[in-house]
Amino acid sequence: ELVSLDLGYFSSGVVCAPEALLTFARGLPRLSHVRVALRNREGPSAAESLVRLLGSRLLELRIETGFVVEGYMGDALLHALGAHCPELRAFALHNDGERYHRPWDRLAGDGLRSMVDGCAHLEELELGLVSNASLPGFEHLAERLEGGGSSLRRLQVFGVLALETPAGLLVERRLQQSLPPGAFTSSGEAYRELLRQTIRCRSSLFVPDIEYLRGMAAD
């Protein structure tokens with residue numbers, strides 16, 4: 001039986017209907033690894049339902065989203081992961097660079113903290129173009145790493161404006177010092193390289209720079 005499912009993750013021309021994702025989740029009792037592009041307004045509720053359906057079976061979840069205003073993932077998804085997926089090993093959340101609009105981005109609360117506390121076995125974390133993510137979640141992650149309470153081995157973030165502040169740069173330094181050499185990256189160059197290695201069937205790739213995101217915030 002299938003244990004891994006890829007439904008259009010960073011692929012052009014592939015659309016996954018939320019109801020199809022949940023049908024697969026219900027019909028595949030050994031499913032534990034999911035990569036998916038959720039391109040419509042039902043995406044957030046489908047992702048949260050998926051997390052509850054798979055529960056402790058879920059080891060990997062990678063989501064590409066941010067295509068429509070209602071489709072942006074919020075803190076509710078991270079809270080659900082922390083509450084239902086204690087065995088999660090890898091999580092990635094990437095908002096689409098070409099369509100990204102910061103006022104629509106709903107990941108801005110304490111969801112990261114909940115996931116860090118509830119997913120003690122998490123080893124890989126990617127957060128791309130989640131500009132409203134708050135600093136306390138990253139501070140909490142740094143504290144967990146420094147205290148030996150996190151299994152994280154790789155952290156790649158980009159576009160988190162809170163980490164571009166003086167206080168955020170101090171948190172970045174703590175994260176870098178607590179992870180293996182080269183395991184923490186936050187630059188635009190590193191993020192573009194990650195996407196180049198990930199995308200399939202695309203002729204172009206757009207990643208906005210930090211100044212562009214700051215200007216969007218001012219609007």
# chains A, B, ... in the order shown; residues from 1 in each chain; ligands from 1
>>> closest_atom_pairs(of="stretch 77-150 of chain A", to="stretch 176-199 of chain A", cutoff="8 Å", atoms="only C-alpha atoms", output="tab-separated table")
residue	atom	partner	partner_atom	distance
A:Gly128	CA	A:Tyr191	CA	7.7
A:Ala142	CA	A:Ser178	CA	7.3
A:Leu145	CA	A:Ser178	CA	6.0
A:Glu146	CA	A:Ser178	CA	6.0
>>> write_last_selection(atoms="all heavy atoms", output="PDB file, in the first residue's frame")
ATOM      1  N   GLY A 128       8.607  29.268   3.949  1.00  0.00           N
ATOM      2  CA  GLY A 128       8.963  30.192   2.885  1.00  0.00           C
ATOM      3  C   GLY A 128       7.875  31.206   2.622  1.00  0.00           C
ATOM      4  O   GLY A 128       6.709  30.845   2.393  1.00  0.00           O
ATOM      5  N   ALA A 142      14.370  28.430  19.597  1.00  0.00           N
ATOM      6  CA  ALA A 142      15.766  28.571  20.020  1.00  0.00           C
ATOM      7  C   ALA A 142      15.951  28.058  21.449  1.00  0.00           C
ATOM      8  O   ALA A 142      16.938  27.363  21.756  1.00  0.00           O
ATOM      9  CB  ALA A 142      16.200  30.030  19.905  1.00  0.00           C
ATOM     10  N   LEU A 145      15.888  24.256  21.436  1.00  0.00           N
ATOM     11  CA  LEU A 145      17.137  23.725  20.895  1.00  0.00           C
ATOM     12  C   LEU A 145      18.270  23.854  21.915  1.00  0.00           C
ATOM     13  O   LEU A 145      19.051  22.916  22.125  1.00  0.00           O
ATOM     14  CB  LEU A 145      17.508  24.448  19.606  1.00  0.00           C
ATOM     15  CG  LEU A 145      16.712  24.055  18.357  1.00  0.00           C
ATOM     16  CD1 LEU A 145      16.920  25.082  17.251  1.00  0.00           C
ATOM     17  CD2 LEU A 145      17.124  22.672  17.869  1.00  0.00           C
ATOM     18  N   GLU A 146      18.359  24.997  22.541  1.00  0.00           N
ATOM     19  CA  GLU A 146      19.433  25.223  23.527  1.00  0.00           C
ATOM     20  C   GLU A 146      19.293  24.314  24.740  1.00  0.00           C
ATOM     21  O   GLU A 146      20.293  23.903  25.341  1.00  0.00           O
ATOM     22  CB  GLU A 146      19.413  26.690  23.959  1.00  0.00           C
ATOM     23  CG  GLU A 146      19.841  27.653  22.848  1.00  0.00           C
ATOM     24  CD  GLU A 146      19.479  29.093  23.126  1.00  0.00           C
ATOM     25  OE1 GLU A 146      18.652  29.354  24.043  1.00  0.00           O
ATOM     26  OE2 GLU A 146      19.987  29.980  22.424  1.00  0.00           O
TER      27      GLU A 146
END
>>> residues_around(residues="A:Val130", least_positions_apart="5", cutoff="12 Å", atoms="only C-alpha atoms", output="PyMOL selection string")
chain A and resi 64-66+72-75+92-97+100-109+112+135+156-163+208+210+213
>>> select_by_dssp(residues="stretch 6-158 of chain A", states="alpha helix (DSSP H)", output="PyMOL selection string")
chain A and resi 18-27+43-54+75-84+111-118+135-146
>>> atom_distance(atom1="atom CA of A:Gly43", atom2="atom CA of A:His79")
15.9 Å
>>> select_by_dssp(residues="stretch 12-210 of chain A", states="strand (DSSP E)", output="ChimeraX atom specification")
/A:33-37,60-65,90-95,124-128,154-158,184-185
>>> write_last_selection(atoms="C-alpha atoms", output="CSV table (one decimal), in the first residue's frame")
chain,number,residue,atom,x,y,z
A,33,HIS,CA,4.1,11.3,3.8
A,34,VAL,CA,2.2,14.0,2.0
A,35,ARG,CA,3.3,16.6,-0.4
A,36,VAL,CA,0.6,18.8,-1.9
A,37,ALA,CA,-0.3,22.0,-3.6
A,60,GLU,CA,6.0,14.3,6.6
A,61,LEU,CA,3.8,17.2,5.4
A,62,ARG,CA,4.8,19.7,2.7
A,63,ILE,CA,2.4,22.3,1.5
A,64,GLU,CA,2.6,24.8,-1.3
A,65,THR,CA,-0.2,27.4,-1.0
A,90,ALA,CA,9.3,17.1,8.4
A,91,PHE,CA,7.1,20.1,7.8
A,92,ALA,CA,7.3,22.6,4.9
A,93,LEU,CA,5.0,25.5,4.2
A,94,HIS,CA,5.6,27.7,1.2
A,95,ASN,CA,3.5,30.5,-0.1
A,124,GLU,CA,13.2,19.4,9.2
A,125,LEU,CA,11.3,22.7,9.0
A,126,GLU,CA,10.9,24.9,6.0
A,127,LEU,CA,8.9,28.2,6.1
A,128,GLY,CA,9.0,30.2,2.9
A,154,ARG,CA,17.6,21.5,9.5
A,155,LEU,CA,15.8,24.9,9.4
A,156,GLN,CA,15.3,26.9,6.3
A,157,VAL,CA,13.2,30.1,6.4
A,158,PHE,CA,12.8,33.1,4.1
A,184,PHE,CA,20.1,27.0,9.3
A,185,THR,CA,19.6,29.3,6.3
>>> atom_distance(atom1="atom CA of A:Glu42", atom2="atom CA of A:Phe67")
11.4 Å
>>> atom_distance(atom1="atom CA of A:Glu1", atom2="atom CA of A:Arg30")
6.7 Å
>>> closest_residue(among="A:Asn40, A:Leu58, A:Glu98, A:Asp6", to="A:Leu205", atoms="only C-alpha atoms")
A:Glu98
>>> residues_around(residues="A:Cys16", least_positions_apart="4", cutoff="7 Å", atoms="only C-alpha atoms", output="PyMOL selection string")
chain A and resi 7-8+20-21+37-38
>>> closest_residue(among="A:Val68, A:Leu31, A:Ala83, A:Ala133", to="A:Cys119", atoms="only C-alpha atoms")
A:Ala83
>>> residues_around(residues="A:Leu53", least_positions_apart="2", cutoff="12 Å", atoms="only C-alpha atoms", output="list in words")
Leu21, Leu22, Thr23, Phe24, Ala25, Arg26, Gly27, Leu28, Pro29, Arg30, Leu31, Ser32, Ala46, Ala47, Glu48, Ser49, Leu50, Val51, Gly55, Ser56, Arg57, Leu58, Ala80, Leu81, His84 and Cys85 of chain A
>>> residues_around(residues="A:Gly137", least_positions_apart="4", cutoff="7 Å", atoms="only C-alpha atoms", output="MDAnalysis selection string")
chainID A and resid 110 112:113 141
>>> write_last_selection(atoms="N, CA and C atoms", output="PDB file, in the first residue's frame")
ATOM      1  N   ASP A 110       0.679  32.210  17.575  1.00  0.00           N
ATOM      2  CA  ASP A 110       1.526  31.296  18.343  1.00  0.00           C
ATOM      3  C   ASP A 110       1.476  29.863  17.824  1.00  0.00           C
ATOM      4  N   LEU A 112       3.459  28.382  15.675  1.00  0.00           N
ATOM      5  CA  LEU A 112       4.785  27.756  15.629  1.00  0.00           C
ATOM      6  C   LEU A 112       5.162  27.194  16.995  1.00  0.00           C
ATOM      7  N   ARG A 113       4.875  27.941  18.032  1.00  0.00           N
ATOM      8  CA  ARG A 113       5.166  27.463  19.381  1.00  0.00           C
ATOM      9  C   ARG A 113       4.439  26.148  19.666  1.00  0.00           C
ATOM     10  N   LEU A 141      11.575  28.244  19.802  1.00  0.00           N
ATOM     11  CA  LEU A 141      12.330  27.176  19.136  1.00  0.00           C
ATOM     12  C   LEU A 141      13.795  27.232  19.548  1.00  0.00           C
TER      13      LEU A 141
END
>>> closest_residue(among="A:Val69, A:Thr165, A:Asn132, A:Ala120", to="A:Gly148", atoms="only C-alpha atoms")
A:Ala120
>>> closest_residue(among="A:Ser45, A:Arg39, A:Glu87, A:Gly82", to="A:Val15", atoms="only C-alpha atoms")
A:Arg39
